[in-house]
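Asks: Sharing model-v1.pdb below, PDB, C-alpha atoms:
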ATOM      1  CA  MET B   1     -12.663  -7.370  -0.818
ATOM      2  CA  SER B   2     -10.428  -8.742   1.914
ATOM      3  CA  GLU B   3      -8.112 -11.667   1.411
ATOM      4  CA  GLU B   4      -8.174 -14.582   3.797
ATOM      5  CA  ILE B   5      -4.817 -14.539   5.575
ATOM      6  CA  GLU B   6      -3.716 -18.084   6.248
ATOM      7  CA  PRO B   7      -1.544 -18.753   9.329
ATOM      8  CA  VAL B   8       1.988 -20.065   8.735
ATOM      9  CA  ALA B   9       2.323 -21.785  12.120
ATOM     10  CA  TRP B  10      -0.043 -23.857  14.195
ATOM     11  CA  LEU B  11      -0.055 -25.021  17.824
ATOM     12  CA  VAL B  12      -1.322 -28.583  18.102
ATOM     13  CA  SER B  13      -2.449 -30.277  21.296
ATOM     14  CA  GLN B  14      -2.039 -34.069  21.123
ATOM     15  CA  GLU B  15      -4.909 -34.998  23.387
ATOM     16  CA  PRO B  16      -7.847 -32.984  24.662
ATOM     17  CA  LEU B  17      -6.673 -31.087  27.749
ATOM     18  CA  SER B  18      -3.162 -32.543  27.339
ATOM     19  CA  SER B  19       0.059 -30.728  28.127
ATOM     20  CA  VAL B  20       1.761 -32.386  25.150
ATOM     21  CA  GLN B  21       1.879 -29.770  22.400
ATOM     22  CA  TYR B  22       3.938 -29.070  19.284
ATOM     23  CA  VAL B  23       4.241 -26.402  16.591
ATOM     24  CA  THR B  24       3.986 -27.117  12.878
ATOM     25  CA  ASP B  25       4.097 -25.016   9.729
ATOM     26  CA  GLU B  26       1.169 -26.854   8.105
ATOM     27  CA  LYS B  27      -2.299 -27.274   9.542
ATOM     28  CA  PRO B  28      -2.661 -30.931  10.529
ATOM     29  CA  LEU B  29      -5.484 -32.720   8.762
ATOM     30  CA  GLY B  30      -8.033 -34.793  10.614
ATOM     31  CA  LEU B  31      -7.841 -32.995  13.953
ATOM     32  CA  ASP B  32     -10.763 -31.000  15.258
ATOM     33  CA  ASP B  33     -10.471 -27.234  15.700
ATOM     34  CA  LYS B  34     -10.421 -27.598  19.491
ATOM     35  CA  ARG B  35      -6.909 -29.080  19.283
ATOM     36  CA  VAL B  36      -5.384 -26.878  16.527
ATOM     37  CA  PHE B  37      -4.702 -23.185  17.134
ATOM     38  CA  PRO B  38      -3.268 -20.680  14.633
ATOM     39  CA  LEU B  39      -0.157 -18.935  16.002
ATOM     40  CA  TYR B  40       0.729 -16.219  13.495
ATOM     41  CA  THR B  41       0.502 -15.234   9.847
ATOM     42  CA  LYS B  42       3.345 -14.462   7.462
ATOM     43  CA  GLU B  43       2.417 -10.763   7.614
ATOM     44  CA  GLN B  44       2.758 -10.801  11.415
ATOM     45  CA  LEU B  45       6.083 -12.604  11.169
ATOM     46  CA  GLN B  46       7.588 -10.194   8.645
ATOM     47  CA  SER B  47       5.389  -7.262   7.761
ATOM     48  CA  ARG B  48       6.005  -5.412   4.527
ATOM     49  CA  VAL B  49       6.303  -1.651   4.251
ATOM     50  CA  LYS B  50       3.655  -0.115   2.014
ATOM     51  CA  MET B  51       5.069   2.370  -0.530
ATOM     52  CA  THR B  52       3.904   4.089  -3.664
ATOM     53  CA  GLN B  53       5.779   3.323  -6.860
ATOM     54  CA  ALA B  54       7.361   6.815  -6.764
ATOM     55  CA  GLU B  55       8.652   6.251  -3.201
ATOM     56  CA  PHE B  56      10.015   2.836  -4.169
ATOM     57  CA  ASP B  57      11.823   4.262  -7.222
ATOM     58  CA  GLU B  58      13.569   6.839  -5.018
ATOM     59  CA  PHE B  59      14.375   4.174  -2.419
ATOM     60  CA  GLN B  60      15.825   1.917  -5.125
ATOM     61  CA  LYS B  61      18.126   4.720  -6.362
ATOM     62  CA  LEU B  62      19.500   5.167  -2.845
ATOM     63  CA  VAL B  63      20.103   1.413  -2.530
ATOM     64  CA  GLU B  64      21.908   1.341  -5.893
ATOM     65  CA  GLN B  65      24.229   4.126  -4.717
ATOM     66  CA  GLU B  66      25.163   1.877  -1.770
ATOM     67  CA  TYR B  67      24.542   4.484   0.923
ATOM     68  CA  ASP B  68      24.560   3.549   4.560
ATOM     69  CA  LEU B  69      21.466   4.483   6.597
ATOM     70  CA  TYR B  70      22.879   7.812   7.785
ATOM     71  CA  SER B  71      23.886   8.859   4.259
ATOM     72  CA  ALA B  72      20.521   7.811   2.829
ATOM     73  CA  ILE B  73      18.587   9.858   5.409
ATOM     74  CA  SER B  74      20.943  12.802   4.841
ATOM     75  CA  GLU B  75      20.407  12.561   1.080
ATOM     76  CA  ILE B  76      16.644  12.533   1.540
ATOM     77  CA  GLY B  77      16.692  15.410   4.025
ATOM     78  CA  ASP B  78      19.308  17.649   2.384
ATOM     79  CA  THR B  79      18.312  17.543  -1.252
ATOM     80  CA  ASN B  80      15.166  17.694  -3.306
ATOM     81  CA  LEU B  81      16.170  14.582  -5.264
ATOM     82  CA  CYS B  82      13.774  12.391  -3.232
ATOM     83  CA  PRO B  83      10.650  14.517  -2.712
ATOM     84  CA  ASN B  84       8.345  11.538  -2.133
ATOM     85  CA  LEU B  85      10.570   9.985   0.540
ATOM     86  CA  TYR B  86      11.097  13.434   2.069
ATOM     87  CA  ASP B  87       7.333  13.869   2.447
ATOM     88  CA  ARG B  88       7.071  10.377   3.918
ATOM     89  CA  LEU B  89       9.885  10.810   6.458
ATOM     90  CA  PHE B  90       9.664  14.484   7.379
ATOM     91  CA  GLY B  91       6.307  15.801   6.207
ATOM     92  CA  SER B  92       3.822  14.117   8.531
ATOM     93  CA  VAL B  93       2.808  14.235  12.166
ATOM     94  CA  ASP B  94       3.953  10.651  12.787
ATOM     95  CA  ASN B  95       7.329  11.197  11.103
ATOM     96  CA  LYS B  96       9.196   9.565  14.019
ATOM     97  CA  SER B  97       7.446   6.225  13.417
ATOM     98  CA  LYS B  98       7.937   6.599   9.634
ATOM     99  CA  GLN B  99      11.657   7.201  10.198
ATOM    100  CA  ASN B 100      11.882   4.131  12.437
ATOM    101  CA  GLU B 101      10.026   2.103   9.807
ATOM    102  CA  PHE B 102      12.474   3.364   7.148
ATOM    103  CA  ALA B 103      15.497   2.413   9.287
ATOM    104  CA  VAL B 104      14.168  -1.124   9.837
ATOM    105  CA  LEU B 105      13.379  -1.428   6.127
ATOM    106  CA  TRP B 106      16.874  -0.226   5.196
ATOM    107  CA  ALA B 107      18.431  -2.863   7.467
ATOM    108  CA  ASN B 108      16.206  -5.731   6.253
ATOM    109  CA  PHE B 109      15.847  -4.835   2.568
ATOM    110  CA  GLU B 110      16.675  -7.617   0.111
ATOM    111  CA  GLU B 111      17.742  -5.945  -3.124
ATOM    112  CA  PHE B 112      17.059  -8.964  -5.321
ATOM    113  CA  GLU B 113      13.714  -9.775  -3.685
ATOM    114  CA  PRO B 114      12.173  -6.402  -2.781
ATOM    115  CA  GLN B 115       8.652  -7.878  -2.621
ATOM    116  CA  LYS B 116       9.658  -9.604   0.637
ATOM    117  CA  THR B 117       9.976  -6.279   2.443
ATOM    118  CA  ILE B 118       8.045  -3.743   0.327
ATOM    119  CA  GLU B 119       4.484  -3.767  -0.954
ATOM    120  CA  ILE B 120       3.774  -1.325  -3.781
ATOM    121  CA  ILE B 121       0.411   0.335  -3.307
ATOM    122  CA  PRO B 122      -1.274   2.305  -6.060
ATOM    123  CA  GLU B 123      -1.225   6.067  -5.708
ATOM    124  CA  LYS B 124      -4.747   7.402  -5.227
ATOM    125  CA  LYS B 125      -6.241  10.761  -6.113
ATOM    126  CA  TRP B 126      -9.704  12.299  -5.889
ATOM    127  CA  PHE B 127     -11.794  12.588  -9.057
ATOM    128  CA  VAL B 128     -15.180  14.153  -9.739
ATOM    129  CA  ARG B 129     -17.510  12.045 -11.842
ATOM    130  CA  LEU B 130     -21.104  12.115 -12.984
ATOM    131  CA  ILE B 131     -23.371  10.089 -10.748
ATOM    132  CA  PRO B 132     -24.507   7.217 -12.951
ATOM    133  CA  THR B 133     -28.286   7.177 -13.373
ATOM    134  CA  ILE B 134     -28.239   3.490 -14.258
ATOM    135  CA  PRO B 135     -25.185   1.904 -12.665
ATOM    136  CA  THR B 136     -23.587  -0.468 -15.131
ATOM    137  CA  GLY B 137     -20.063  -0.287 -13.789
ATOM    138  CA  ASP B 138     -18.340   0.801 -16.986
ATOM    139  CA  ASP B 139     -19.977   4.137 -17.755
ATOM    140  CA  ASP B 140     -17.892   6.426 -15.515
ATOM    141  CA  ILE B 141     -17.619   9.954 -16.884
ATOM    142  CA  TYR B 142     -15.219  12.368 -15.156
ATOM    143  CA  LEU B 143     -14.853  16.151 -15.192
ATOM    144  CA  ASP B 144     -11.769  17.545 -16.906
ATOM    145  CA  SER B 145      -9.703  20.524 -15.758
ATOM    146  CA  GLU B 146     -12.205  22.965 -17.272
ATOM    147  CA  ARG B 147     -15.164  21.355 -15.450
ATOM    148  CA  ILE B 148     -16.487  19.927 -18.675
ATOM    149  CA  VAL B 149     -17.869  16.431 -18.865
ATOM    150  CA  SER B 150     -15.665  14.809 -21.436
ATOM    151  CA  PRO B 151     -15.816  11.046 -21.601
ATOM    152  CA  ASP B 152     -12.798   9.356 -23.065
ATOM    153  CA  TYR B 153     -14.145   5.891 -23.651
ATOM    154  CA  HIS B 154     -10.692   4.352 -23.934
ATOM    155  CA  SER B 155      -9.444   5.756 -20.629
ATOM    156  CA  PRO B 156     -12.045   7.848 -18.791
ATOM    157  CA  LYS B 157      -9.668   9.056 -16.044
ATOM    158  CA  LYS B 158      -6.894  10.059 -18.472
ATOM    159  CA  ALA B 159      -8.163  13.584 -19.189
ATOM    160  CA  ALA B 160      -9.888  14.025 -15.835
ATOM    161  CA  ALA B 161      -8.910  16.589 -13.227
ATOM    162  CA  THR B 162      -7.330  15.082 -10.103
ATOM    163  CA  PHE B 163      -7.285  16.418  -6.547
ATOM    164  CA  ASP B 164      -5.092  15.654  -3.574
ATOM    165  CA  THR B 165      -7.851  16.055  -0.977
ATOM    166  CA  LYS B 166     -11.564  15.319  -0.805
ATOM    167  CA  GLU B 167     -12.227  18.958   0.104
ATOM    168  CA  GLN B 168     -10.624  20.145  -3.152
ATOM    169  CA  ALA B 169     -12.718  17.689  -5.161
ATOM    170  CA  ASP B 170     -15.904  18.609  -3.295
ATOM    171  CA  GLU B 171     -15.533  22.211  -4.489
ATOM    172  CA  TRP B 172     -16.184  20.923  -8.016
ATOM    173  CA  THR B 173     -19.228  18.792  -7.200
ATOM    174  CA  ASN B 174     -22.862  19.617  -7.855
ATOM    175  CA  PRO B 175     -26.074  17.583  -7.445
ATOM    176  CA  LEU B 176     -25.210  15.542 -10.560
ATOM    177  CA  THR B 177     -21.631  14.714  -9.596
ATOM    178  CA  GLU B 178     -19.738  13.057  -6.753
ATOM    179  CA  SER B 179     -16.126  12.930  -5.584
ATOM    180  CA  VAL B 180     -14.440   9.517  -5.563
ATOM    181  CA  LEU B 181     -11.007   8.275  -4.449
ATOM    182  CA  LEU B 182      -9.479   6.098  -7.165
ATOM    183  CA  PRO B 183      -6.057   4.734  -8.122
ATOM    184  CA  VAL B 184      -4.115   6.933 -10.550
ATOM    185  CA  GLY B 185      -2.500   5.500 -13.636
ATOM    186  CA  ASP B 186      -3.260   2.587 -15.880
ATOM    187  CA  GLU B 187      -6.690   1.092 -15.535
TER     188      GLU B 187
END
Would you write out, as structure tokens, the structure that this file holds?

Replies:
Amino acid sequence: MSEEIEPVAWLVSQEPLSSVQYVTDEKPLGLDDKRVFPLYTKEQLQSRVKMTQAEFDEFQKLVEQEYDLYSAISEIGDTNLCPNLYDRLFGSVDNKSKQNEFAVLWANFEEFEPQKTIEIIPEKKWFVRLIPTIPTGDDDIYLDSERIVSPDYHSPKKAAATFDTKEQADEWTNPLTESVLLPVGDE
């Protein structure tokens, strides 16, 4: 399910094939699409950094302690107080781009309106569930840590075993089960 991203600026040509043009922040009504061109979306103008809730909580603690950028990076790198941010900044192949992204975020972060610069994404884990014979959408049954099918009808994922990688989850599958990537936490 993809959202339609609406442009926030439009280029408008007054006459067909005219050199008279102007930019507006609302799409003009009554003009044909040959004279109105989208320029950019809000996301292109100011993109938001995607973070898990755990990463954001650690980031927020650093902001509250009023560190400068150097001190914040040192705190993340020197201690184990920010394990999620450490993994993000130093634990991946593209850590240089993640560090640059963090520096830009640190400079542009608005403490009282964090949603302008940060988008919280749900943490996802791999689960193993029974393949539904008649898909109804609400009859998911997951395997628990002892490989026993134990449906908890109030929260089916609550007692389920979780895996960090698809390969780990696939070790638990059989012809009646499948591995699925799902958000962790409240349903």

Asks: What does the structure give for the distance between atom CA of B:Tyr86 and atom CA of B:Trp106, in Å to one decimal?

Replies: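 These two atoms are separated by 15.2 Å.
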
Asks: Taking the file as shown, what set of residues would the PyMOL selection byres ((chain B and resi 117) around 10) give back, as a PDB file with C-alpha atoms, keeping the file's coordinate frame?

Replies:
ATOM      1  CA  GLN B  46       7.588 -10.194   8.645  1.00  0.00           C
ATOM      2  CA  SER B  47       5.389  -7.262   7.761  1.00  0.00           C
ATOM      3  CA  ARG B  48       6.005  -5.412   4.527  1.00  0.00           C
ATOM      4  CA  VAL B  49       6.303  -1.651   4.251  1.00  0.00           C
ATOM      5  CA  LYS B  50       3.655  -0.115   2.014  1.00  0.00           C
ATOM      6  CA  VAL B 104      14.168  -1.124   9.837  1.00  0.00           C
ATOM      7  CA  LEU B 105      13.379  -1.428   6.127  1.00  0.00           C
ATOM      8  CA  TRP B 106      16.874  -0.226   5.196  1.00  0.00           C
ATOM      9  CA  ASN B 108      16.206  -5.731   6.253  1.00  0.00           C
ATOM     10  CA  PHE B 109      15.847  -4.835   2.568  1.00  0.00           C
ATOM     11  CA  GLU B 110      16.675  -7.617   0.111  1.00  0.00           C
ATOM     12  CA  GLU B 111      17.742  -5.945  -3.124  1.00  0.00           C
ATOM     13  CA  GLU B 113      13.714  -9.775  -3.685  1.00  0.00           C
ATOM     14  CA  PRO B 114      12.173  -6.402  -2.781  1.00  0.00           C
ATOM     15  CA  GLN B 115       8.652  -7.878  -2.621  1.00  0.00           C
ATOM     16  CA  LYS B 116       9.658  -9.604   0.637  1.00  0.00           C
ATOM     17  CA  ILE B 118       8.045  -3.743   0.327  1.00  0.00           C
ATOM     18  CA  GLU B 119       4.484  -3.767  -0.954  1.00  0.00           C
TER      19      GLU B 119
END

Asks: Which value, in Å to one decimal, gives the distance between atom CA of B:Gln60 and atom CA of B:Phe112?

Replies: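 The value is 11.0 Å.
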
Asks: Apply the PyMOL selection byres ((chain B and resi 84) around 8) to the file shown and report the selected residues as a PDB file with C-alpha atoms, in the frame of the given file.

Replies:
ATOM      1  CA  ALA B  54       7.361   6.815  -6.764  1.00  0.00           C
ATOM      2  CA  GLU B  55       8.652   6.251  -3.201  1.00  0.00           C
ATOM      3  CA  GLU B  58      13.569   6.839  -5.018  1.00  0.00           C
ATOM      4  CA  CYS B  82      13.774  12.391  -3.232  1.00  0.00           C
ATOM      5  CA  PRO B  83      10.650  14.517  -2.712  1.00  0.00           C
ATOM      6  CA  LEU B  85      10.570   9.985   0.540  1.00  0.00           C
ATOM      7  CA  TYR B  86      11.097  13.434   2.069  1.00  0.00           C
ATOM      8  CA  ASP B  87       7.333  13.869   2.447  1.00  0.00           C
ATOM      9  CA  ARG B  88       7.071  10.377   3.918  1.00  0.00           C
TER      10      ARG B  88
END

Asks: Go ahead and compute the interatomic distance for atom CA of B:Ile121 and atom CA of B:Gln53, in Å to one decimal.

Replies: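 Distance reported for this atom pair: 7.1 Å.
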
Asks: With distances taken over only C-alpha atoms, which residue among B:Thr79, B:Gln99, B:Gln168, B:Ser74 lies nearest B:Val180?

Replies: B:Gln168
